[in-house]
Structure formats: structure tokens, C-alpha cells
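Shown here: final20.cif, mmCIF, C-alpha atoms.
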data_final
loop_
_atom_site.group_PDB
_atom_site.id
_atom_site.type_symbol
_atom_site.label_atom_id
_atom_site.label_comp_id
_atom_site.auth_asym_id
_atom_site.auth_seq_id
_atom_site.Cartn_x
_atom_site.Cartn_y
_atom_site.Cartn_z
ATOM 1 C CA MET A 1 6.138 -17.914 -48.379
ATOM 2 C CA ILE A 2 8.551 -17.457 -45.543
ATOM 3 C CA GLU A 3 8.677 -14.630 -43.013
ATOM 4 C CA GLU A 4 11.801 -12.621 -42.238
ATOM 5 C CA LYS A 5 11.925 -13.949 -38.655
ATOM 6 C CA GLN A 6 11.594 -17.558 -39.796
ATOM 7 C CA LEU A 7 14.262 -16.966 -42.459
ATOM 8 C CA ASP A 8 16.648 -15.655 -39.796
ATOM 9 C CA GLU A 9 15.962 -18.698 -37.606
ATOM 10 C CA LYS A 10 16.630 -21.063 -40.512
ATOM 11 C CA LEU A 11 19.796 -19.162 -41.365
ATOM 12 C CA GLN A 12 21.070 -19.477 -37.798
ATOM 13 C CA GLU A 13 20.214 -23.173 -37.889
ATOM 14 C CA ALA A 14 22.101 -23.584 -41.172
ATOM 15 C CA LEU A 15 25.134 -21.770 -39.719
ATOM 16 C CA ARG A 16 25.044 -24.057 -36.700
ATOM 17 C CA LEU A 17 24.899 -27.112 -38.961
ATOM 18 C CA HIS A 18 27.863 -25.817 -40.972
ATOM 19 C CA GLU A 19 29.861 -25.230 -37.792
ATOM 20 C CA GLU A 20 29.140 -28.839 -36.822
ATOM 21 C CA GLY A 21 30.874 -29.912 -40.027
ATOM 22 C CA LYS A 22 27.934 -30.551 -42.318
ATOM 23 C CA SER A 23 28.490 -29.924 -46.019
ATOM 24 C CA TYR A 24 26.263 -27.702 -48.130
ATOM 25 C CA ASN A 25 24.583 -30.749 -49.641
ATOM 26 C CA GLU A 26 23.794 -32.137 -46.193
ATOM 27 C CA ILE A 27 22.354 -28.775 -45.150
ATOM 28 C CA ARG A 28 20.290 -28.720 -48.355
ATOM 29 C CA GLU A 29 18.943 -32.215 -47.598
ATOM 30 C CA TYR A 30 18.199 -31.195 -44.001
ATOM 31 C CA PHE A 31 15.948 -28.336 -45.141
ATOM 32 C CA SER A 32 14.515 -30.024 -48.246
ATOM 33 C CA GLY A 33 11.379 -31.271 -46.481
ATOM 34 C CA GLU A 34 10.341 -27.983 -44.920
ATOM 35 C CA LEU A 35 11.490 -25.194 -47.284
ATOM 36 C CA GLU A 36 11.160 -24.349 -50.958
ATOM 37 C CA GLU A 37 14.154 -24.850 -53.240
ATOM 38 C CA ASP A 38 14.632 -21.097 -53.835
ATOM 39 C CA THR A 39 14.681 -20.454 -50.094
ATOM 40 C CA ILE A 40 17.185 -23.252 -49.537
ATOM 41 C CA LYS A 41 19.441 -21.841 -52.270
ATOM 42 C CA TYR A 42 19.206 -18.428 -50.659
ATOM 43 C CA ILE A 43 20.089 -19.768 -47.196
ATOM 44 C CA ILE A 44 23.003 -21.819 -48.557
ATOM 45 C CA ARG A 45 24.275 -18.714 -50.348
ATOM 46 C CA LEU A 46 24.082 -16.677 -47.135
ATOM 47 C CA VAL A 47 25.968 -19.389 -45.246
ATOM 48 C CA ASP A 48 28.633 -19.397 -47.954
ATOM 49 C CA GLU A 49 28.969 -15.607 -47.840
ATOM 50 C CA PHE A 50 29.235 -15.716 -44.043
ATOM 51 C CA VAL A 51 31.951 -18.391 -44.138
ATOM 52 C CA LEU A 52 33.934 -16.454 -46.749
ATOM 53 C CA GLU A 53 33.683 -13.214 -44.768
ATOM 54 C CA GLU A 54 34.653 -14.978 -41.550
ATOM 55 C CA SER A 55 37.761 -16.504 -43.127
ATOM 56 C CA ARG A 56 38.696 -13.137 -44.682
ATOM 57 C CA VAL A 57 38.469 -11.389 -41.305
ATOM 58 C CA LYS A 58 40.515 -14.135 -39.623
ATOM 59 C CA ALA A 59 43.216 -13.797 -42.295
ATOM 60 C CA GLU A 60 43.306 -10.027 -41.828
ATOM 61 C CA ILE A 61 43.639 -10.452 -38.054
ATOM 62 C CA GLN A 62 46.554 -12.830 -38.604
ATOM 63 C CA LYS A 63 48.147 -10.330 -40.982
ATOM 64 C CA ALA A 64 47.799 -7.562 -38.376
ATOM 65 C CA ILE A 65 49.423 -9.780 -35.732
ATOM 66 C CA HIS A 66 52.355 -10.467 -38.067
ATOM 67 C CA LYS A 67 52.687 -6.723 -38.646
ATOM 68 C CA MET A 68 52.887 -6.172 -34.892
ATOM 69 C CA TYR A 69 55.594 -8.818 -34.529
ATOM 70 C CA PHE A 70 57.584 -7.377 -37.429
ATOM 71 C CA GLY A 71 57.358 -3.894 -35.914
ATOM 72 C CA MET A 72 58.532 -5.213 -32.553
ATOM 73 C CA ALA A 73 61.469 -6.987 -34.186
ATOM 74 C CA VAL A 74 62.476 -3.773 -35.970
ATOM 75 C CA LEU A 75 62.179 -1.921 -32.648
ATOM 76 C CA ALA A 76 64.473 -4.461 -30.990
ATOM 77 C CA VAL A 77 67.060 -4.176 -33.775
ATOM 78 C CA SER A 78 66.953 -0.393 -33.630
ATOM 79 C CA PHE A 79 67.504 -0.469 -29.860
ATOM 80 C CA LEU A 80 70.496 -2.723 -30.463
ATOM 81 C CA LEU A 81 71.831 -0.233 -33.033
ATOM 82 C CA ILE A 82 71.378 2.642 -30.595
ATOM 83 C CA ALA A 83 73.141 0.678 -27.847
ATOM 84 C CA LYS A 84 76.010 -0.187 -30.216
ATOM 85 C CA PHE A 85 76.503 3.399 -31.384
ATOM 86 C CA TYR A 86 76.179 4.683 -27.820
ATOM 87 C CA ALA A 87 78.811 2.207 -26.579
ATOM 88 C CA GLU A 88 81.184 3.299 -29.354
ATOM 89 C CA GLY A 89 80.559 6.932 -28.472
ATOM 90 C CA SER A 90 79.563 7.756 -32.036
ATOM 91 C CA LEU A 91 75.889 8.511 -31.508
ATOM 92 C CA VAL A 92 76.024 11.875 -33.253
ATOM 93 C CA GLY A 93 75.063 13.253 -36.642
ATOM 94 C CA ILE A 94 74.298 10.704 -39.296
ATOM 95 C CA TYR A 95 74.645 7.761 -36.898
ATOM 96 C CA LEU A 96 71.949 9.202 -34.658
ATOM 97 C CA MET A 97 69.655 9.503 -37.658
ATOM 98 C CA LEU A 98 70.532 5.967 -38.818
ATOM 99 C CA ALA A 99 69.723 4.641 -35.370
ATOM 100 C CA CYS A 100 66.453 6.555 -34.977
ATOM 101 C CA LEU A 101 64.912 5.868 -38.387
ATOM 102 C CA PRO A 102 64.353 2.134 -37.761
ATOM 103 C CA LEU A 103 63.073 3.001 -34.302
ATOM 104 C CA PHE A 104 60.322 5.216 -35.692
ATOM 105 C CA PHE A 105 59.584 2.803 -38.546
ATOM 106 C CA GLY A 106 59.246 -0.130 -36.134
ATOM 107 C CA LEU A 107 57.066 1.913 -33.819
ATOM 108 C CA TYR A 108 54.809 2.905 -36.706
ATOM 109 C CA VAL A 109 54.450 -0.652 -38.032
ATOM 110 C CA ALA A 110 53.794 -2.114 -34.576
ATOM 111 C CA TRP A 111 51.209 0.578 -33.783
ATOM 112 C CA ASN A 112 49.526 0.142 -37.162
ATOM 113 C CA GLY A 113 49.313 -3.636 -36.639
ATOM 114 C CA TYR A 114 47.949 -3.151 -33.127
ATOM 115 C CA LYS A 115 45.220 -0.754 -34.296
ATOM 116 C CA SER A 116 44.257 -3.089 -37.159
ATOM 117 C CA ARG A 117 44.091 -6.038 -34.788
ATOM 118 C CA LYS A 118 41.988 -4.109 -32.307
ATOM 119 C CA THR A 119 39.591 -2.899 -35.012
ATOM 120 C CA LEU A 120 39.215 -6.315 -36.648
ATOM 121 C CA GLY A 121 38.903 -8.145 -33.346
ATOM 122 C CA SER A 122 35.857 -6.128 -32.378
ATOM 123 C CA LYS A 123 34.210 -6.441 -35.788
ATOM 124 C CA ASP A 124 31.016 -8.446 -35.944
ATOM 125 C CA ILE A 125 30.602 -10.423 -39.122
ATOM 126 C CA GLU A 126 27.467 -9.259 -40.836
ATOM 127 C CA ILE A 127 25.398 -11.101 -43.362
ATOM 128 C CA ASP A 128 24.223 -8.583 -45.922
ATOM 129 C CA ASP A 129 22.343 -10.033 -48.851
ATOM 130 C CA THR A 130 22.732 -6.806 -50.834
ATOM 131 C CA LYS A 131 26.483 -7.436 -51.139
ATOM 132 C CA PHE A 132 26.461 -10.828 -52.835
ATOM 133 C CA ARG A 133 29.383 -11.482 -55.116
ATOM 134 C CA LEU A 134 27.128 -13.034 -57.765
ATOM 135 C CA LYS A 135 23.952 -11.044 -57.125
ATOM 136 C CA HIS A 136 22.282 -11.870 -60.410
ATOM 137 C CA ARG A 137 22.339 -15.610 -59.650
ATOM 138 C CA VAL A 138 20.733 -15.360 -56.217
ATOM 139 C CA ARG A 139 17.290 -13.954 -55.605
ATOM 140 C CA ARG A 140 15.700 -13.321 -52.254
ATOM 141 C CA PRO A 141 12.753 -15.712 -51.850
ATOM 142 C CA SER A 142 9.308 -14.194 -52.129
ATOM 143 C CA ARG A 143 7.650 -13.301 -48.866
#

Mind turning the file's structure into C-alpha cells?
Amino acid sequence: MIEEKQLDEKLQEALRLHEEGKSYNEIREYFSGELEEDTIKYIIRLVDEFVLEESRVKAEIQKAIHKMYFGMAVLAVSFLLIAKFYAEGSLVGIYLMLACLPLFFGLYVAWNGYKSRKTLGSKDIEIDDTKFRLKHRVRRPSR
């Protein structure tokens, strides 16, 4: 039987080993002398879930950064359109609307990307064993 506190310590140790580049089999061998097989499976599963969630959050942050860049590029192009129409003296009517639509679109996309980046950057990655992808195959070890 393993306590919750000891399980958390072993989980943190397993995460540290994974960050050092150890494979799941090496982590399993590392704990094989001191923990039961069910507990080791559970810890390995938690490490796997944590790694998957971490990579998902990193990909979403990268996507938000790309959104910001795209929005800024659209903003730059719309400013160029406004400058062109202003220099020609035809910044009235439909041309004003054509120049302002990309401006607002670019502003919206850049702001949306910025807010997503800010939200995801402050997000702590949680390990929640109630949200396993394959819940029926993994059981919490008995206490």
C-alpha cells in the first residue's frame, strides 16, 4: 500500500527522470525494486498523460503566436492600403471600407492570438487521474 504523499513524491521523481531523457522502460526498471507493478503502471501512465498535455499546451501556444504574427501582417498590409488610397486621394466610399475591413480583421486576429497566448502561458499543467484517455485500462493503486 502506498500513501498519497509518497505517490506524489514518486510521480515527481518519475517526471524528473523523464525530463532527464529516461524512457518509460528505464523508469519502470528504476522503480521495480521499491514499488508494486500496479503502482508503477499508474505512475508511468500519469507521466505519459503529463507529457501529452505539456506538448498539447506548447503546440497551442505556438499556434497563438502564429495567429498574432498573421494578424500583425494583415494590419501592416491594411495600413499600406490606407496609405495608397490616401496618396491617390480616393479614400472615400467603398475604398474606405475596403481599406478598413482588413484593418479590423487584422486587429481582431492579433488580439485573439495575444489573449490565447497570455491565457495558455499562465496555465499550469495539471495531472488529473480522473481524465485518463483509457480509464478502463488504468486503475489507481490500492491505498

Got a sec: who's within 10 Å of segment 25-37 of chain A, counting all atoms listed in the file, leaving out chain neighbours fewer than 2 positions off, as a PyMOL selection string?
chain A and resi 1-2+7+10+13-15+17-18+21-23+39-44+141

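Note that atom CA of Asp48 of chain A and atom CA of Gly121 of chain A are 21.1 Å apart.
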
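When atom CA of Ala64 of chain A is paired with atom CA of Gly113 of chain A, their separation reads 4.6 Å.
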
Run the PyMOL selection byres ((chain A and resi 70) around 12) on the file and write out the hits as a list in words.
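Residues picked by the PyMOL selection byres ((chain A and resi 70) around 12): Lys63, Ala64, Ile65, His66, Lys67, Met68, Tyr69, Gly71, Met72, Ala73, Val74, Leu75, Ala76, Val77, Pro102, Phe105, Gly106, Leu107, Tyr108, Val109, Ala110, Trp111, Asn112, Gly113 and Tyr114 of chain A.
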
So for segment 31-48 of chain A, what box centre and size do we get, axis-aligned, 8 Å extra on each of the six sides, every listed atom, Å to one decimal, as AutoDock Vina command-line options?
--center_x 19.5 --center_y -24.0 --center_z -49.4 --size_x 34.3 --size_y 30.6 --size_z 24.9

Could you tell me how far atom CA of Phe104 of chain A sits from atom CA of Leu91 of chain A, in Å to one decimal place?
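Distance reported for this atom pair: 16.5 Å.
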
Selected residue of minimal separation from Tyr24 of chain A among A:Gln12, A:Arg45, A:Leu98, A:Asp38, counting all atoms listed in the file:
A:Arg45

With all atoms listed in the file as the atoms that count, which of A:Glu20, A:Ser78, A:Glu54, A:Leu46 lies nearest to Leu103 of chain A?
A:Ser78

Return segment 32-54 of chain A, completed with N, CA and C atoms, as a compact mmCIF listing (two decimals), in the frame of the given file.
# COMPACT_ATOMS: atom_id res chain seq x y z
N SER A 32 15.30 -29.73 -47.04
CA SER A 32 14.52 -30.02 -48.25
C SER A 32 13.06 -30.36 -47.94
N GLY A 33 12.76 -30.92 -46.79
CA GLY A 33 11.38 -31.27 -46.48
C GLY A 33 10.53 -30.11 -46.03
N GLU A 34 11.14 -29.06 -45.51
CA GLU A 34 10.34 -27.98 -44.92
C GLU A 34 10.39 -26.65 -45.67
N LEU A 35 11.35 -26.47 -46.59
CA LEU A 35 11.49 -25.19 -47.28
C LEU A 35 11.48 -25.40 -48.79
N GLU A 36 11.13 -24.32 -49.49
CA GLU A 36 11.16 -24.35 -50.96
C GLU A 36 12.61 -24.34 -51.44
N GLU A 37 12.81 -24.76 -52.67
CA GLU A 37 14.15 -24.85 -53.24
C GLU A 37 14.83 -23.48 -53.35
N ASP A 38 14.06 -22.45 -53.73
CA ASP A 38 14.63 -21.10 -53.84
C ASP A 38 15.10 -20.60 -52.47
N THR A 39 14.31 -20.88 -51.45
CA THR A 39 14.68 -20.45 -50.09
C THR A 39 15.92 -21.19 -49.62
N ILE A 40 16.01 -22.47 -49.93
CA ILE A 40 17.18 -23.25 -49.54
C ILE A 40 18.43 -22.72 -50.24
N LYS A 41 18.31 -22.41 -51.54
CA LYS A 41 19.44 -21.84 -52.27
C LYS A 41 19.88 -20.53 -51.64
N TYR A 42 18.91 -19.72 -51.27
CA TYR A 42 19.21 -18.43 -50.66
C TYR A 42 19.93 -18.61 -49.32
N ILE A 43 19.46 -19.52 -48.50
CA ILE A 43 20.09 -19.77 -47.20
C ILE A 43 21.50 -20.32 -47.37
N ILE A 44 21.67 -21.25 -48.30
CA ILE A 44 23.00 -21.82 -48.56
C ILE A 44 23.95 -20.72 -49.02
N ARG A 45 23.45 -19.82 -49.86
CA ARG A 45 24.28 -18.71 -50.35
C ARG A 45 24.68 -17.79 -49.20
N LEU A 46 23.76 -17.51 -48.29
CA LEU A 46 24.08 -16.68 -47.14
C LEU A 46 25.12 -17.35 -46.24
N VAL A 47 24.98 -18.65 -46.05
CA VAL A 47 25.97 -19.39 -45.25
C VAL A 47 27.33 -19.31 -45.91
N ASP A 48 27.37 -19.48 -47.22
CA ASP A 48 28.63 -19.40 -47.95
C ASP A 48 29.26 -18.01 -47.83
N GLU A 49 28.46 -16.97 -47.98
CA GLU A 49 28.97 -15.61 -47.84
C GLU A 49 29.50 -15.37 -46.42
N PHE A 50 28.80 -15.88 -45.42
CA PHE A 50 29.24 -15.72 -44.04
C PHE A 50 30.57 -16.42 -43.81
N VAL A 51 30.71 -17.63 -44.31
CA VAL A 51 31.95 -18.39 -44.14
C VAL A 51 33.12 -17.68 -44.83
N LEU A 52 32.88 -17.18 -46.03
CA LEU A 52 33.93 -16.45 -46.75
C LEU A 52 34.34 -15.18 -46.00
N GLU A 53 33.38 -14.44 -45.50
CA GLU A 53 33.68 -13.21 -44.77
C GLU A 53 34.42 -13.52 -43.46
N GLU A 54 33.99 -14.59 -42.80
CA GLU A 54 34.65 -14.98 -41.55
C GLU A 54 36.11 -15.36 -41.79
